[in-house]
Every structure is written in C-alpha cells, then in structure tokens.
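Following: one structure in structure tokens, then a few remarks.
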Amino acid sequence: QSAGQRRVMALLQKFAAQLKAAAPRALTAVKVDGWDLHGTSNRKDVIGTLFFLKNSSISQFRCITDIAGVDYPERKERFSIVYNLLSVRYRSRFLLTITVPEGEQVDTSVPIFPGADWMEREVYDMYGIFFRGHPNLRRILTDYGFEGYPLRKDFPLTGYVETRYDHTKGRIVYEPVELAQEYRDFQFSSPWKYT
C-alpha cells in the first residue's frame, strides 16, 4: 500500500470508531472492509440507526443506494437485509446489516429514505420479508398471482408454473411446469470421447 492508501485506511478506521462510539446501542459492530464501512444493528433498532446515520453531523449518509436481501436457510435468523448507504460529504459508503427470522416483520425505512419504497417492495417480492408500515407493500417484479418467493434457496429452479400467450384464447395462460427432457448425466472428463 502507498502512503496515501495507508492514510485513507487510518481515517476510515477512525471514522468507524467514532460511529461506534456515537451510537453504541444502535450499532452493535462497525468495521472497515476495503474502502467501505460495514455495520450491524438489531432489527428493532434499525429505524433509529438509519435516522442517526442519515442525520448525524459525523456521518451524513443521506443517500440510500440499495436494499438487498440474503437467504441463509440453515440459520435461526434466516434472512439478512443489507442497507447500502452513501455519504457524499465524507465520500464513504456504509453497509448496514440486520438479521430477520422467517415470519418476522421489519419496520419500513420509507419515512427516513423515501427512495427505499421500491427497494423494500423488491425485497418483499423476492424473499417474502414484510416491512411494517410500508405505504404500498405489494409485488413489483413478479406477477400478481405468483406463488412463492423466487430468491429463497428453497424455491425450485423451474418454478411452479410457466406462462405463455395462447393465440386461441387471446390471453396469457398459466400452466404447470413441463420439462421437455429427462435429467441427463453428463461426463465431463473428455469432451471428445462421447461424440
């Protein structure tokens, strides 16, 4: 690392320590990973944590760039929600992670970040995580009659139904999935041997 990179890393470490000291109950951990700051919070404190990160003079993470869901079916708290925040003033990014058990609700962040509306709808649509108090929580990427949540690890790769346009009916029809061929076992040891 160059002297400039070491100086930036030292500043990021100091920044992480200041954030942790300023909100010890809200932020359970803060660390530097590459050029980003990563923090964890309790799901019950997420709204207060996001409010602090946005409005505090030492952080000013005023932009939310993404909300992502992650599925870990083997964990007790199955889902993680990652809020990707950006501070233009301090030129830094903060990834806030909370964990959520299946069936639990998380408070919506729309009152703090109005742009989080569609991002939370996407997490709901793909993972089935409910956001309490959301102004319009409904599917955004899948069809209204869609069953299940496609980014969960236990969702079948082929899905449950397939759609096609039926010219005789003049509309889109839903049918059970039909696989065109049986499962084949491929031998990858030599591509020339089996031709």
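How things are named: the first chain in the structure tokens is A, the next is B, and so on; residues count from 1 in each chain; ligands count from 1 in the order shown.
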Original post:
Do you know which residues are at most 10 Å from Arg89 of chain A counting only C-alpha atoms, after dropping those on the same chain fewer than 4 positions away, and could you put them as a ChimeraX atom specification?
Top reply: /A:59-62
**OP:** Find the residues near Arg132 of chain A: any atom within 7 Å, counting only C-alpha atoms, skip ones fewer than 2 places away on the same chain, and give them as number ranges by chain.
**Re:** A: 105-108, 130, 134
Original post:
In terms of the shortest atom-to-atom distance over only C-alpha atoms, which of A:Val177, A:Val8, A:Ile64, A:Leu96 is closest to His38 of chain A?
Top reply: A:Leu96
Original post:
as a PyMOL selection string, which residues of segment 23-171 of chain A does DSSP assign to strand (DSSP E)?
Top reply: chain A and resi 29-33+36-40+63-71+79-87+92-100+105-107+130-132+161-166+171
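Between atom CA of Ala21 of chain A and atom CA of Pro111 of chain A lies a distance of 25.6 Å.
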Subject >> Given only C-alpha atoms as the counted atoms, nearest of A:Pro156, A:Gly148, A:Gly103, A:Gly48 to Ala23 of chain A >> reply: A:Gly48
Subject >> Polymer residues at most 8 Å from Ile112 of chain A, only C-alpha atoms, same-chain spacing of 3 or more positions, as a PyMOL selection string >> reply: chain A and resi 47+50-51+109
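For Arg139 of chain A, the set of protein, DNA and RNA residues having any atom at most 9 Å away, when counting only C-alpha atoms and skipping those fewer than 3 positions along the same chain, is Arg121, Glu122, Tyr124, Asp125, Met126, Thr142, Asp143, Tyr144 and Phe146 of chain A.
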**OP:** Find the residues around Glu120 of chain A up to 8 Å (only C-alpha atoms counted), leave out those fewer than 2 positions away in its own chain, and share them as a list in words.
**Re:**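 Here the answer would be Ile67, Thr108, Ala116, Asp117, Trp118, Glu122, Val123, Tyr124, Phe131 and Leu137 of chain A.
Atom CA of Pro73 of chain A is positioned 7.9 Å from atom CA of Asp154 of chain A.
Among the candidate residues A:Met119, A:Leu53, A:Val110, A:Ile129, the one lying nearest to Val70 of chain A is A:Ile129, with distances computed using only C-alpha atoms.
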**OP:** Going by DSSP on the backbone, which bits of chain A are alpha helix (DSSP H)? Write them as a ChimeraX atom specification, please.
**Re:** /A:3-22,46-55,116-127
Export of the given selection (N, CA and C atoms) as a CSV table (one decimal), in the first residue's frame:
chain,number,residue,atom,x,y,z
A,3,ALA,N,1.5,5.4,0.8
A,3,ALA,CA,1.3,6.2,2.0
A,3,ALA,C,-0.1,6.8,2.0
A,4,GLY,N,-0.5,7.2,0.8
A,4,GLY,CA,-1.9,7.8,0.7
A,4,GLY,C,-3.0,6.7,1.0
A,5,GLN,N,-2.8,5.5,0.6
A,5,GLN,CA,-3.8,4.5,0.9
A,5,GLN,C,-3.8,4.1,2.4
A,6,ARG,N,-2.6,4.1,3.0
A,6,ARG,CA,-2.5,3.9,4.4
A,6,ARG,C,-3.2,5.0,5.2
A,7,ARG,N,-3.0,6.2,4.8
A,7,ARG,CA,-3.6,7.4,5.4
A,7,ARG,C,-5.1,7.3,5.3
A,8,VAL,N,-5.7,6.9,4.2
A,8,VAL,CA,-7.1,6.7,4.0
A,8,VAL,C,-7.6,5.6,4.9
A,9,MET,N,-6.9,4.5,4.9
A,9,MET,CA,-7.4,3.4,5.8
A,9,MET,C,-7.4,3.8,7.2
A,10,ALA,N,-6.4,4.6,7.7
A,10,ALA,CA,-6.4,5.0,9.1
A,10,ALA,C,-7.5,5.9,9.3
A,11,LEU,N,-7.9,6.8,8.4
A,11,LEU,CA,-9.0,7.7,8.5
A,11,LEU,C,-10.3,6.9,8.6
A,12,LEU,N,-10.5,5.8,7.8
A,12,LEU,CA,-11.6,5.0,7.8
A,12,LEU,C,-11.8,4.3,9.1
A,13,GLN,N,-10.6,3.8,9.7
A,13,GLN,CA,-10.7,3.1,11.0
A,13,GLN,C,-11.1,4.1,12.1
A,14,LYS,N,-10.6,5.3,12.0
A,14,LYS,CA,-11.0,6.4,13.0
A,14,LYS,C,-12.5,6.7,12.8
A,15,PHE,N,-13.0,6.8,11.6
A,15,PHE,CA,-14.4,7.1,11.3
A,15,PHE,C,-15.2,6.0,11.9
A,16,ALA,N,-14.9,4.7,11.7
A,16,ALA,CA,-15.6,3.6,12.2
A,16,ALA,C,-15.7,3.6,13.7
A,17,ALA,N,-14.6,3.9,14.4
A,17,ALA,CA,-14.6,4.0,15.8
A,17,ALA,C,-15.4,5.1,16.3
A,18,GLN,N,-15.4,6.3,15.6
A,18,GLN,CA,-16.3,7.4,16.0
A,18,GLN,C,-17.8,7.1,15.9
A,19,LEU,N,-18.1,6.4,14.8
A,19,LEU,CA,-19.5,6.0,14.6
A,19,LEU,C,-20.0,5.0,15.7
A,20,LYS,N,-19.1,4.0,16.0
A,20,LYS,CA,-19.5,3.1,17.1
A,20,LYS,C,-19.6,3.7,18.4
A,21,ALA,N,-18.7,4.7,18.7
A,21,ALA,CA,-18.8,5.4,20.0
A,21,ALA,C,-20.0,6.3,20.1
A,22,ALA,N,-20.4,6.9,19.0
A,22,ALA,CA,-21.5,7.8,19.0
A,22,ALA,C,-22.9,7.1,19.1
A,46,VAL,N,-33.4,-0.6,13.9
A,46,VAL,CA,-32.9,-0.3,12.6
A,46,VAL,C,-33.4,1.1,12.2
A,47,ILE,N,-34.6,1.5,12.6
A,47,ILE,CA,-35.1,2.9,12.2
A,47,ILE,C,-34.3,4.0,12.9
A,48,GLY,N,-34.0,3.8,14.2
A,48,GLY,CA,-33.2,4.7,14.9
A,48,GLY,C,-31.8,4.8,14.4
A,49,THR,N,-31.3,3.6,14.0
A,49,THR,CA,-29.9,3.6,13.4
A,49,THR,C,-29.8,4.3,12.1
A,50,LEU,N,-30.8,4.0,11.2
A,50,LEU,CA,-30.8,4.7,9.9
A,50,LEU,C,-31.0,6.2,10.1
A,51,PHE,N,-31.9,6.6,11.0
A,51,PHE,CA,-32.0,8.1,11.3
A,51,PHE,C,-30.7,8.7,11.8
A,52,PHE,N,-30.0,8.0,12.7
A,52,PHE,CA,-28.7,8.5,13.1
A,52,PHE,C,-27.7,8.6,12.0
A,53,LEU,N,-27.6,7.5,11.2
A,53,LEU,CA,-26.6,7.6,10.1
A,53,LEU,C,-26.9,8.6,9.1
A,54,LYS,N,-28.2,8.9,8.9
A,54,LYS,CA,-28.6,10.0,7.9
A,54,LYS,C,-28.4,11.4,8.4
A,55,ASN,N,-28.8,11.6,9.6
A,55,ASN,CA,-28.9,13.0,10.1
A,55,ASN,C,-27.8,13.4,11.1
A,116,ALA,N,-36.5,4.4,-0.6
A,116,ALA,CA,-36.4,3.0,-0.2
A,116,ALA,C,-37.7,2.2,-0.5
A,117,ASP,N,-38.8,3.0,-1.0
A,117,ASP,CA,-40.1,2.4,-1.3
A,117,ASP,C,-40.0,1.2,-2.2
A,118,TRP,N,-39.5,1.4,-3.4
A,118,TRP,CA,-39.4,0.3,-4.3
A,118,TRP,C,-38.4,-0.8,-4.0
A,119,MET,N,-37.3,-0.4,-3.3
A,119,MET,CA,-36.3,-1.3,-2.8
A,119,MET,C,-36.9,-2.3,-1.8
A,120,GLU,N,-37.7,-1.8,-0.9
A,120,GLU,CA,-38.3,-2.7,0.1
A,120,GLU,C,-39.4,-3.6,-0.6
A,121,ARG,N,-40.1,-3.1,-1.6
A,121,ARG,CA,-41.0,-3.9,-2.3
A,121,ARG,C,-40.3,-5.0,-3.1
A,122,GLU,N,-39.1,-4.7,-3.6
A,122,GLU,CA,-38.3,-5.8,-4.2
A,122,GLU,C,-37.9,-6.9,-3.3
A,123,VAL,N,-37.4,-6.5,-2.1
A,123,VAL,CA,-37.0,-7.5,-1.1
A,123,VAL,C,-38.3,-8.3,-0.6
A,124,TYR,N,-39.4,-7.7,-0.5
A,124,TYR,CA,-40.6,-8.4,-0.2
A,124,TYR,C,-41.0,-9.4,-1.3
A,125,ASP,N,-40.9,-8.9,-2.5
A,125,ASP,CA,-41.3,-9.7,-3.6
A,125,ASP,C,-40.4,-10.9,-3.8
A,126,MET,N,-39.1,-10.8,-3.6
A,126,MET,CA,-38.1,-11.8,-3.9
A,126,MET,C,-37.9,-12.8,-2.7
A,127,TYR,N,-38.1,-12.3,-1.4
A,127,TYR,CA,-37.8,-13.1,-0.2
A,127,TYR,C,-39.0,-13.3,0.7
**OP:** Using only C-alpha atoms, find the one residue out of A:Asp71, A:Asp36, A:Asp45, A:Glu104 that sits nearest to Pro24 of chain A.
**Re:** A:Asp45
Subject >> Neighbour list for Val161 of chain A as a list in words, cut-off 9 Å, only C-alpha atoms, skip fewer than 5 positions in-chain >> reply: Phe146, Glu147, Tyr174, Glu175, Pro176, Val177 and Glu178 of chain A
So that I have them on file, write out the residues from the current selection with N, CA and C atoms, as an mmCIF file, in the first residue's frame.
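This went into selection-v6.cif:
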data_model
loop_
_atom_site.group_PDB
_atom_site.id
_atom_site.type_symbol
_atom_site.label_atom_id
_atom_site.label_comp_id
_atom_site.auth_asym_id
_atom_site.auth_seq_id
_atom_site.Cartn_x
_atom_site.Cartn_y
_atom_site.Cartn_z
ATOM 1 N N PHE A 146 -48.404 -14.744 -8.657
ATOM 2 C CA PHE A 146 -47.207 -15.559 -8.456
ATOM 3 C C PHE A 146 -47.215 -16.172 -7.060
ATOM 4 N N GLU A 147 -46.870 -17.456 -6.976
ATOM 5 C CA GLU A 147 -46.805 -18.148 -5.685
ATOM 6 C C GLU A 147 -45.353 -18.358 -5.299
ATOM 7 N N TYR A 174 -51.519 -19.675 -17.678
ATOM 8 C CA TYR A 174 -50.591 -20.258 -16.719
ATOM 9 C C TYR A 174 -50.792 -21.766 -16.722
ATOM 10 N N GLU A 175 -49.691 -22.498 -16.813
ATOM 11 C CA GLU A 175 -49.756 -23.953 -16.836
ATOM 12 C C GLU A 175 -48.691 -24.515 -15.901
ATOM 13 N N PRO A 176 -48.924 -25.740 -15.382
ATOM 14 C CA PRO A 176 -47.866 -26.368 -14.573
ATOM 15 C C PRO A 176 -46.601 -26.550 -15.406
ATOM 16 N N VAL A 177 -45.468 -26.506 -14.768
ATOM 17 C CA VAL A 177 -44.188 -26.626 -15.460
ATOM 18 C C VAL A 177 -44.059 -28.022 -16.058
ATOM 19 N N GLU A 178 -43.694 -28.083 -17.346
ATOM 20 C CA GLU A 178 -43.389 -29.342 -18.017
ATOM 21 C C GLU A 178 -41.960 -29.267 -18.512
#
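For the atom pair formed by atom CA of Asp33 of chain A and atom CA of Phe94 of chain A, the distance is 10.1 Å, given to one decimal.
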